[in-house]
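**Student:** This structure is in structure tokens; I'll ask about it shortly.
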Amino acid sequence: MSAPTDRKFLGRLSLPERRYLTDALRTETVGGVLLLAAAVAALIWANSPAAESYKSVQSFHIGPAALGLDLSIQHWAADGLLAIFFFVAGIELKRELVAGELRDPKAAALPVIAAICGMAAPALVYTLVNALGNGSTDGWAVPTATDIAFALAVLAVIGTSLPSALRAFLLTLAVVDDLFAILIIAIFFTSDLNFAALGGAFAGLLLFWVLLRKNVRGWYVYVPLALVIWALMYNSGVHATIAGVAMGLMLRCTTREGEKHSPGEHIEHLVRPLSAGLAVPLFALFSAGVSVSGGAIGDVFTQPVTLGVVLGLVVGKAVGIFGGTWLAARFTKAELNPDLTWPDVFAVATLAGIGFTVSLLIGELAFAGDEALTDEVKAAVLIGSLIAAVLASVLLKLRVRKYQALIADEERDEDQDGIPDIYEQDNPAYHLRMAEIHERKAAEHRERAQAAGASRDEADRPA
């Protein structure tokens with residue numbers, strides 16, 4: 001039996017939500033470390049004597065031209081592999097809406113407002129910098145995205161873990177962030193439409209939905225259908241990753257009688273390792289390889305487009321998320337969890353400035369056709385994310401002892417029944433078990449005291 005969920009802002013999660021969060025973020029953390037390794041490998045490869053081979057692999061074309069799918073490796077990574085990433089994002093969003101933190105409008109208000117402000121502020125910072133510097137405003141959406149996998153990898157590297165409430169806040173921010181990134185891609189980066197292909201994609205999605213509602217099972221049904229939907233969506237002019245999102249949103253994420261996990265959670269559990277461990281790292285490997293010479297780094301801070309991206313990620317994200325959260329809390333009179341403080345919120349807001357996967361994708365879309373500027377924007381994303389990571393690491397390290405104490409309290413299970421003690425404070429059976437445990441310990445210590453006293457008396461007795 002678990003205690004009622006604390007409804008304070010950044011309050012304690014329900015036990016099922018905490019377990020889901022722990023499982024999901026464990027996979028994302030491993031994926032984030034692989035993502036970090038892939039990004040470093042891409043930078044080394046692209047700046048080594050073998051740089052030409054990197055470009056050759058990136059631009060190597062493969063695929064059936066008759067189906068309009070004769071694409072470069074880099075293109076396959078961005079449009080194909082990231083469809084898997086967005087499929088998982090769609091399931092995640094659906095679950096949050098029907099069973100997670102976003103199901104309750106009152107509870108969802110703060111993180112949603114924080115996420116919206118965390119996207120609006122970087123876009124505003126970028127636009128302002130480029131308006132004043134006579135730069136291009138086409139990249140306004142680049143610094144709006146948060147990469148939770150990369151953020152978790154940073155936490156793993158610096159050896160800091162966050163209490164579950166802060167991790168849930170970061171995840172919710174990322175989920176809402178993904179939703180708006182999806183909308184931005186669909187609305188602003190859709191080319192001339194092929195209505196025949198688009199109609200075919202919608203027909204495929206309708207069939208996908210009907211099969212799900214009829215409880216048809218079998219990967220051999222859904223995987224080929226998903227590939228057809230993806231190919232039609234790609235040829236329609238709408239970005240192909242939208243197909244992944246749409247299919248993810250169609251999955252049922254609520255449990256029925258006799259089910260331990262919903263179909264959506266089950267499929268997410270199967271596909272998330274593929275997304276985090278393969279799809280996203282490969283995308284990073286073929287997208288993050290840009291020149292990082294001294295001159296190129298200097299240019300990032302002198303050109304309005306790249307400076308706007310860096311300031312958007314570092315300043316816009318932190319100010320937007322923190323400011324939006326503080327204002328929303330003030331106007332809704334929401335109370336902050338007394339175990340946490342506003343500097344903790346600011347540290348997480350700064351960590352959210354790590355925008356990698358989706359930022360790189362939007363950078364490629366925003367400046368398609370201008371390879372030099374695309375590479376400069378990618379370099380700006382990398383540098384901005386690095387600065388945000390360093391600043392967040394410093395802020396989080398200042399509170400690491402407090403976080404360790406909170407995590408220890410969350411995980412303590414003295415009666416060893418598999419449920420953290422903090423969730424059993426309203427359960428009489430728990431307190432009876434604890435009484436028995438303490439009585440046994442007390443009896444053991446009394447026996448030890450008697451034995452210690454007898455040993456001392458024996459030692460004090462004259463020979």
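By order in the structure tokens, chains are A, B, ...; within a chain, residues start at 1; ligands start at 1, following the order shown.
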Need to verify the contact set: Ser161 (chain A), 12 Å, only C-alpha atoms, exclusion of same-chain residues closer than 2 positions in sequence. Can you return it as an MDAnalysis selection string?
**Tutor:** chainID A and resid 22 25:26 29 151:159 163:167 348 393 396:397 399:408
**Student:** Write to file, as a compact mmCIF listing (two decimals), in the first residue's frame, the residues of the selection just made, with N, CA, C and O atoms.
**Tutor:**
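Saved as again-v9.txt:
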```
# COMPACT_ATOMS: atom_id res chain seq x y z
N THR A 22 12.26 5.22 -13.16
CA THR A 22 13.57 4.62 -12.93
C THR A 22 13.96 3.71 -14.08
O THR A 22 15.10 3.76 -14.57
N LEU A 25 14.57 5.90 -17.40
CA LEU A 25 15.77 6.73 -17.38
C LEU A 25 17.05 5.90 -17.30
O LEU A 25 18.11 6.37 -17.71
N ARG A 26 16.94 4.67 -16.78
CA ARG A 26 18.12 3.80 -16.78
C ARG A 26 18.55 3.51 -18.22
O ARG A 26 19.73 3.59 -18.55
N THR A 29 19.94 6.67 -19.81
CA THR A 29 21.28 7.01 -19.33
C THR A 29 22.33 6.22 -20.10
O THR A 29 23.35 6.77 -20.55
N ALA A 151 21.60 14.79 -21.43
CA ALA A 151 21.59 15.36 -20.07
C ALA A 151 21.86 14.28 -19.03
O ALA A 151 22.62 14.48 -18.08
N LEU A 152 21.23 13.12 -19.19
CA LEU A 152 21.44 12.02 -18.25
C LEU A 152 22.86 11.46 -18.35
O LEU A 152 23.43 11.04 -17.35
N ALA A 153 23.42 11.48 -19.57
CA ALA A 153 24.80 11.03 -19.73
C ALA A 153 25.75 11.96 -18.97
O ALA A 153 26.71 11.50 -18.35
N VAL A 154 25.47 13.24 -19.01
CA VAL A 154 26.29 14.21 -18.26
C VAL A 154 26.21 13.91 -16.77
O VAL A 154 27.23 13.92 -16.06
N LEU A 155 25.00 13.62 -16.27
CA LEU A 155 24.85 13.28 -14.85
C LEU A 155 25.65 12.02 -14.52
O LEU A 155 26.27 11.93 -13.45
N ALA A 156 25.62 11.04 -15.42
CA ALA A 156 26.37 9.80 -15.19
C ALA A 156 27.87 10.06 -15.17
O ALA A 156 28.60 9.52 -14.33
N VAL A 157 28.34 10.92 -16.07
CA VAL A 157 29.77 11.21 -16.16
C VAL A 157 30.26 11.95 -14.92
O VAL A 157 31.33 11.66 -14.38
N ILE A 158 29.48 12.91 -14.42
CA ILE A 158 29.92 13.70 -13.25
C ILE A 158 29.58 12.99 -11.94
O ILE A 158 29.93 13.47 -10.86
N GLY A 159 28.92 11.83 -12.03
CA GLY A 159 28.64 11.05 -10.83
C GLY A 159 27.57 11.63 -9.95
O GLY A 159 27.61 11.47 -8.72
N PRO A 163 17.21 13.43 -7.31
CA PRO A 163 16.03 12.86 -6.66
C PRO A 163 14.93 12.64 -7.70
O PRO A 163 14.88 13.33 -8.72
N SER A 164 14.05 11.68 -7.45
CA SER A 164 13.06 11.29 -8.45
C SER A 164 12.18 12.45 -8.89
O SER A 164 11.78 12.53 -10.05
N ALA A 165 11.88 13.39 -7.97
CA ALA A 165 11.02 14.53 -8.34
C ALA A 165 11.69 15.40 -9.40
O ALA A 165 11.04 15.84 -10.36
N LEU A 166 13.00 15.64 -9.26
CA LEU A 166 13.71 16.44 -10.25
C LEU A 166 13.87 15.68 -11.55
O LEU A 166 13.80 16.27 -12.63
N ARG A 167 14.09 14.36 -11.47
CA ARG A 167 14.20 13.55 -12.69
C ARG A 167 12.87 13.55 -13.45
O ARG A 167 12.84 13.63 -14.67
N VAL A 348 18.43 22.39 -12.88
CA VAL A 348 17.79 21.51 -13.87
C VAL A 348 17.48 22.29 -15.14
O VAL A 348 17.62 21.77 -16.25
N SER A 393 26.68 21.11 -14.29
CA SER A 393 27.48 20.22 -13.44
C SER A 393 27.95 20.94 -12.19
O SER A 393 27.91 20.39 -11.08
N LEU A 396 24.87 21.54 -9.88
CA LEU A 396 24.38 20.30 -9.27
C LEU A 396 25.37 19.73 -8.25
O LEU A 396 24.95 19.16 -7.24
N LYS A 397 26.67 19.89 -8.51
CA LYS A 397 27.67 19.40 -7.57
C LYS A 397 27.59 20.13 -6.23
O LYS A 397 27.92 19.56 -5.18
N ARG A 399 25.04 20.76 -4.68
CA ARG A 399 23.93 20.20 -3.90
C ARG A 399 23.99 18.67 -3.84
O ARG A 399 23.03 18.02 -3.43
N VAL A 400 25.14 18.10 -4.22
CA VAL A 400 25.21 16.64 -4.37
C VAL A 400 24.95 15.91 -3.06
O VAL A 400 24.31 14.85 -3.04
N ARG A 401 25.41 16.43 -1.93
CA ARG A 401 25.20 15.74 -0.65
C ARG A 401 23.72 15.73 -0.29
O ARG A 401 23.21 14.72 0.23
N LYS A 402 23.04 16.82 -0.54
CA LYS A 402 21.60 16.88 -0.28
C LYS A 402 20.87 15.87 -1.15
O LYS A 402 19.97 15.16 -0.68
N TYR A 403 21.24 15.79 -2.43
CA TYR A 403 20.60 14.84 -3.34
C TYR A 403 20.85 13.40 -2.89
O TYR A 403 19.94 12.56 -2.94
N GLN A 404 22.08 13.11 -2.46
CA GLN A 404 22.40 11.76 -2.01
C GLN A 404 21.54 11.37 -0.80
O GLN A 404 21.07 10.22 -0.72
N ALA A 405 21.33 12.32 0.11
CA ALA A 405 20.50 12.04 1.29
C ALA A 405 19.05 11.80 0.89
O ALA A 405 18.39 10.89 1.41
N LEU A 406 18.54 12.61 -0.05
CA LEU A 406 17.15 12.44 -0.50
C LEU A 406 16.96 11.11 -1.22
O LEU A 406 15.95 10.42 -1.03
N ILE A 407 17.93 10.73 -2.05
CA ILE A 407 17.85 9.47 -2.78
C ILE A 407 17.90 8.29 -1.81
O ILE A 407 17.18 7.30 -1.96
N ALA A 408 18.76 8.40 -0.78
CA ALA A 408 18.85 7.32 0.22
C ALA A 408 17.51 7.15 0.93
O ALA A 408 17.06 6.03 1.19
```
**Student:** So that I can check the surroundings of Asp79 (chain A), please list as a ChimeraX atom specification every protein, DNA and RNA residue that reaches within 8 Å of it, counting only C-alpha atoms and ignoring chain neighbours fewer than 2 positions away.
**Tutor:** /A:75-77,81-83,234,239-241
**Student:** Go ahead and dump the residues you just picked, N, CA, C and O atoms, as a PDB file, in the first residue's frame.
**Tutor:**
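See out.pdb below for the written result:
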```pdb
ATOM      1  N   HIS A  75      21.313  10.974 -44.464  1.00  0.00           N
ATOM      2  CA  HIS A  75      19.878  11.182 -44.657  1.00  0.00           C
ATOM      3  C   HIS A  75      19.086  10.026 -44.039  1.00  0.00           C
ATOM      4  O   HIS A  75      18.059  10.235 -43.388  1.00  0.00           O
ATOM      5  N   TRP A  76      19.579   8.803 -44.228  1.00  0.00           N
ATOM      6  CA  TRP A  76      18.919   7.636 -43.627  1.00  0.00           C
ATOM      7  C   TRP A  76      18.925   7.760 -42.099  1.00  0.00           C
ATOM      8  O   TRP A  76      17.947   7.424 -41.430  1.00  0.00           O
ATOM      9  N   ALA A  77      20.043   8.244 -41.549  1.00  0.00           N
ATOM     10  CA  ALA A  77      20.135   8.383 -40.098  1.00  0.00           C
ATOM     11  C   ALA A  77      19.140   9.411 -39.579  1.00  0.00           C
ATOM     12  O   ALA A  77      18.481   9.209 -38.548  1.00  0.00           O
ATOM     13  N   LEU A  81      16.410   6.446 -38.966  1.00  0.00           N
ATOM     14  CA  LEU A  81      16.670   6.028 -37.586  1.00  0.00           C
ATOM     15  C   LEU A  81      15.952   6.921 -36.573  1.00  0.00           C
ATOM     16  O   LEU A  81      15.464   6.431 -35.547  1.00  0.00           O
ATOM     17  N   LEU A  82      15.881   8.210 -36.850  1.00  0.00           N
ATOM     18  CA  LEU A  82      15.210   9.092 -35.892  1.00  0.00           C
ATOM     19  C   LEU A  82      13.703   8.875 -35.856  1.00  0.00           C
ATOM     20  O   LEU A  82      13.037   9.306 -34.915  1.00  0.00           O
ATOM     21  N   ALA A  83      13.150   8.192 -36.867  1.00  0.00           N
ATOM     22  CA  ALA A  83      11.734   7.834 -36.800  1.00  0.00           C
ATOM     23  C   ALA A  83      11.495   6.878 -35.627  1.00  0.00           C
ATOM     24  O   ALA A  83      10.438   6.911 -34.985  1.00  0.00           O
ATOM     25  N   TYR A 234       7.592   9.885 -46.057  1.00  0.00           N
ATOM     26  CA  TYR A 234       8.801  10.529 -46.562  1.00  0.00           C
ATOM     27  C   TYR A 234       8.550  11.123 -47.947  1.00  0.00           C
ATOM     28  O   TYR A 234       8.942  12.261 -48.232  1.00  0.00           O
ATOM     29  N   HIS A 239       7.944  15.603 -43.013  1.00  0.00           N
ATOM     30  CA  HIS A 239       9.136  14.937 -42.496  1.00  0.00           C
ATOM     31  C   HIS A 239       8.781  13.541 -42.002  1.00  0.00           C
ATOM     32  O   HIS A 239       7.806  13.342 -41.274  1.00  0.00           O
ATOM     33  N   ALA A 240       9.588  12.559 -42.388  1.00  0.00           N
ATOM     34  CA  ALA A 240       9.245  11.151 -42.163  1.00  0.00           C
ATOM     35  C   ALA A 240       9.132  10.782 -40.687  1.00  0.00           C
ATOM     36  O   ALA A 240       8.446   9.814 -40.340  1.00  0.00           O
ATOM     37  N   THR A 241       9.811  11.518 -39.799  1.00  0.00           N
ATOM     38  CA  THR A 241       9.740  11.190 -38.370  1.00  0.00           C
ATOM     39  C   THR A 241       8.332  11.359 -37.815  1.00  0.00           C
ATOM     40  O   THR A 241       7.993  10.764 -36.789  1.00  0.00           O
TER      41      THR A 241
END
```
**Student:** Skip Leu212 (chain A) itself and residues of its chain fewer than 4 positions away, then list as a compact mmCIF listing (two decimals) with N, CA and C atoms, in the first residue's frame all residues within 10 Å of it, counting only C-alpha atoms.
**Tutor:**
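Writing the result to around_19.txt gives the following:
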```
# COMPACT_ATOMS: atom_id res chain seq x y z
N LEU A 206 -4.44 4.66 -40.66
CA LEU A 206 -5.79 4.22 -40.30
C LEU A 206 -5.83 2.70 -40.14
N LEU A 207 -5.16 1.97 -41.06
CA LEU A 207 -5.10 0.52 -40.96
C LEU A 207 -4.35 0.11 -39.68
N PHE A 208 -3.27 0.81 -39.38
CA PHE A 208 -2.49 0.56 -38.16
C PHE A 208 -3.38 0.70 -36.93
N VAL A 216 -5.06 -7.20 -32.97
CA VAL A 216 -4.23 -8.05 -33.82
C VAL A 216 -2.80 -7.99 -33.30
N ARG A 217 -2.16 -9.15 -33.14
CA ARG A 217 -0.81 -9.19 -32.58
C ARG A 217 0.17 -9.74 -33.60
N TYR A 222 2.97 -5.55 -38.00
CA TYR A 222 3.15 -4.12 -37.77
C TYR A 222 4.45 -3.55 -38.33
N MET A 250 -0.79 6.17 -31.21
CA MET A 250 -1.95 5.29 -31.38
C MET A 250 -1.97 4.12 -30.40
N LEU A 251 -0.82 3.80 -29.81
CA LEU A 251 -0.76 2.65 -28.92
C LEU A 251 -1.52 2.91 -27.62
N ARG A 252 -2.15 1.87 -27.10
CA ARG A 252 -2.87 1.99 -25.83
C ARG A 252 -1.87 1.96 -24.68
N PRO A 263 -0.02 -2.30 -23.51
CA PRO A 263 0.72 -2.62 -24.75
C PRO A 263 1.75 -1.55 -25.09
```
**Student:** List every residue of region 195-408 of chain A that DSSP, applied to the backbone of this structure, places in alpha helix (DSSP H), and write the result as a ChimeraX atom specification.
**Tutor:** /A:195-213,219-236,241-250,263-274,280-287,294-300,304-311,317-332,342-351,357-366,371-397,400-408
**Student:** When you count only C-alpha atoms, which of these residues is closest to Arg19 (chain A): A:Gly68, A:Pro304, A:Gly32, A:Gly100?
**Tutor:**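 That would be A:Gly100, the residue with the smallest distance to Arg19 (chain A).
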**Student:** Could you name the residues that touch Leu36 (chain A) at 9 Å or less, counting only C-alpha atoms, but leaving out those on the same chain fewer than 5 positions away, as a list in words?
**Tutor:**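 Skipping anything fewer than 5 positions along the chain leaves Gly31, Ala41, Phe150, Ala153, Val154, Pro281 and Ala284 of chain A.
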**Student:** So that I have them on file, write out the residues from the current selection with N, CA and C atoms, as a CSV table (one decimal), in the first residue's frame.
**Tutor:**
```csv
chain,number,residue,atom,x,y,z
A,31,GLY,N,21.9,4.9,-23.1
A,31,GLY,CA,21.9,5.4,-24.4
A,31,GLY,C,22.6,6.8,-24.5
A,41,ALA,N,33.3,10.4,-31.1
A,41,ALA,CA,33.9,9.7,-32.3
A,41,ALA,C,33.8,10.4,-33.6
A,150,PHE,N,21.3,13.0,-23.5
A,150,PHE,CA,22.6,13.6,-23.3
A,150,PHE,C,22.7,14.2,-21.9
A,153,ALA,N,23.4,11.5,-19.6
A,153,ALA,CA,24.8,11.0,-19.7
A,153,ALA,C,25.7,12.0,-19.0
A,154,VAL,N,25.5,13.2,-19.0
A,154,VAL,CA,26.3,14.2,-18.3
A,154,VAL,C,26.2,13.9,-16.8
A,281,PRO,N,22.5,7.1,-31.3
A,281,PRO,CA,24.0,7.2,-31.4
A,281,PRO,C,24.5,7.2,-32.9
A,284,ALA,N,24.0,10.6,-34.3
A,284,ALA,CA,25.0,11.5,-33.8
A,284,ALA,C,26.3,11.2,-34.5
```
**Student:** Could you work out how far CA of Ala243 (chain A) lies from CA of Leu173 (chain A), giving the answer in Å with one decimal?
**Tutor:** 22.3 Å
**Student:** Let me make sure I understand: among A:Glu364, A:Glu268, A:Asp104, A:Asp344, which one has the smallest atom-to-atom distance to Ala288 (chain A) if we use only C-alpha atoms?
**Tutor:**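 Among A:Glu364, A:Glu268, A:Asp104, A:Asp344, it is A:Glu364 that comes nearest to Ala288 (chain A).
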**Student:** Write out as a PyMOL selection string the residues lying within 9 Å of region 436-446 of chain A, counting only C-alpha atoms and excluding same-chain residues fewer than 4 positions away.
**Tutor:** chain A and resi 414-415+431-432+450-451
**Student:** With all heavy atoms retained, export the selected residues as an mmCIF file, in the first residue's frame.
**Tutor:**
```
data_model
loop_
_atom_site.group_PDB
_atom_site.id
_atom_site.type_symbol
_atom_site.label_atom_id
_atom_site.label_comp_id
_atom_site.auth_asym_id
_atom_site.auth_seq_id
_atom_site.Cartn_x
_atom_site.Cartn_y
_atom_site.Cartn_z
ATOM 1 N N GLU A 414 13.865 -0.983 4.819
ATOM 2 C CA GLU A 414 14.365 -1.711 5.987
ATOM 3 C C GLU A 414 13.647 -3.033 6.202
ATOM 4 O O GLU A 414 14.234 -3.989 6.718
ATOM 5 C CB GLU A 414 14.252 -0.837 7.237
ATOM 6 C CG GLU A 414 15.217 0.343 7.245
ATOM 7 C CD GLU A 414 15.243 1.051 8.589
ATOM 8 O OE1 GLU A 414 15.829 0.482 9.531
ATOM 9 O OE2 GLU A 414 14.664 2.138 8.693
ATOM 10 N N ASP A 415 12.365 -3.119 5.827
ATOM 11 C CA ASP A 415 11.660 -4.393 6.013
ATOM 12 C C ASP A 415 11.833 -5.324 4.818
ATOM 13 O O ASP A 415 11.320 -6.443 4.818
ATOM 14 C CB ASP A 415 10.171 -4.155 6.288
ATOM 15 C CG ASP A 415 9.476 -3.444 5.133
ATOM 16 O OD1 ASP A 415 10.171 -2.827 4.300
ATOM 17 O OD2 ASP A 415 8.235 -3.507 5.066
ATOM 18 N N HIS A 431 4.405 -0.982 9.849
ATOM 19 C CA HIS A 431 4.874 -0.587 11.182
ATOM 20 C C HIS A 431 4.972 -1.795 12.111
ATOM 21 O O HIS A 431 5.883 -1.856 12.958
ATOM 22 C CB HIS A 431 3.946 0.478 11.761
ATOM 23 C CG HIS A 431 4.023 1.776 11.011
ATOM 24 N ND1 HIS A 431 5.122 2.605 11.073
ATOM 25 C CD2 HIS A 431 3.157 2.371 10.148
ATOM 26 C CE1 HIS A 431 4.926 3.663 10.298
ATOM 27 N NE2 HIS A 431 3.736 3.546 9.730
ATOM 28 N N LEU A 432 4.073 -2.784 11.968
ATOM 29 C CA LEU A 432 4.165 -3.999 12.773
ATOM 30 C C LEU A 432 5.419 -4.793 12.393
ATOM 31 O O LEU A 432 6.111 -5.343 13.271
ATOM 32 C CB LEU A 432 2.905 -4.856 12.568
ATOM 33 C CG LEU A 432 1.603 -4.286 13.157
ATOM 34 C CD1 LEU A 432 0.413 -5.143 12.751
ATOM 35 C CD2 LEU A 432 1.700 -4.183 14.683
ATOM 36 N N GLN A 450 25.113 -8.421 27.653
ATOM 37 C CA GLN A 450 25.358 -9.373 28.729
ATOM 38 C C GLN A 450 26.679 -10.109 28.501
ATOM 39 O O GLN A 450 27.464 -10.313 29.432
ATOM 40 C CB GLN A 450 24.200 -10.364 28.808
ATOM 41 C CG GLN A 450 22.896 -9.741 29.321
ATOM 42 C CD GLN A 450 21.733 -10.717 29.254
ATOM 43 O OE1 GLN A 450 21.859 -11.832 28.744
ATOM 44 N NE2 GLN A 450 20.576 -10.277 29.765
ATOM 45 N N ALA A 451 26.904 -10.519 27.245
ATOM 46 C CA ALA A 451 28.149 -11.233 26.936
ATOM 47 C C ALA A 451 29.359 -10.332 27.147
ATOM 48 O O ALA A 451 30.392 -10.768 27.687
ATOM 49 C CB ALA A 451 28.110 -11.735 25.493
#
```
**Student:** Fewer than 3 positions away in the same chain doesn't count, so skip those; otherwise give me all residues within 10 Å of region 177-187 of chain A, counting only C-alpha atoms, as a PyMOL selection string.
**Tutor:** chain A and resi 86+89-90+92-93+112+114-116+118-119+141-142+144-147+171-174+190-191+237-242+245+358-359+361-362+365-366
**Student:** So how far away is CA of Asp23 (chain A) from CA of Leu205 (chain A), in Å?
**Tutor:**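 So the answer is 29.2 Å.
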**Student:** Can you work out which one of A:Ala388, A:Val176, A:Ala380, A:Leu249 has the shortest atom-to-atom distance to Val98 (chain A), counting only C-alpha atoms?
**Tutor:** A:Leu249
**Student:** Between A:Val290, A:Ala78, A:Cys253, A:Ala39, single out the one closest to Ala51 (chain A), counting only C-alpha atoms.
**Tutor:**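 Residue with the minimum atom-to-atom distance to Ala51 (chain A): A:Val290.
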**Student:** Determine the nearest neighbour of Ser293 (chain A) from the options A:Gly264, A:Glu376, A:Glu28, A:Ala203, counting only C-alpha atoms.
**Tutor:**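 For Ser293 (chain A), the nearest of the candidates is A:Glu376.
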**Student:** Pick from A:Gly289, A:Val125, A:Thr306, A:Phe367: nearest to Ala50 (chain A), with only C-alpha atoms counted?
**Tutor:**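 Ranking A:Gly289, A:Val125, A:Thr306, A:Phe367 by distance to Ala50 (chain A), first place goes to A:Gly289.
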**Student:** Record the distance separating CA of Ser291 (chain A) and CA of Ile44 (chain A), expressed in Å with one decimal.
**Tutor:**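 Taking CA of Ser291 (chain A) as the start and CA of Ile44 (chain A) as the end point, the length is 9.4 Å.
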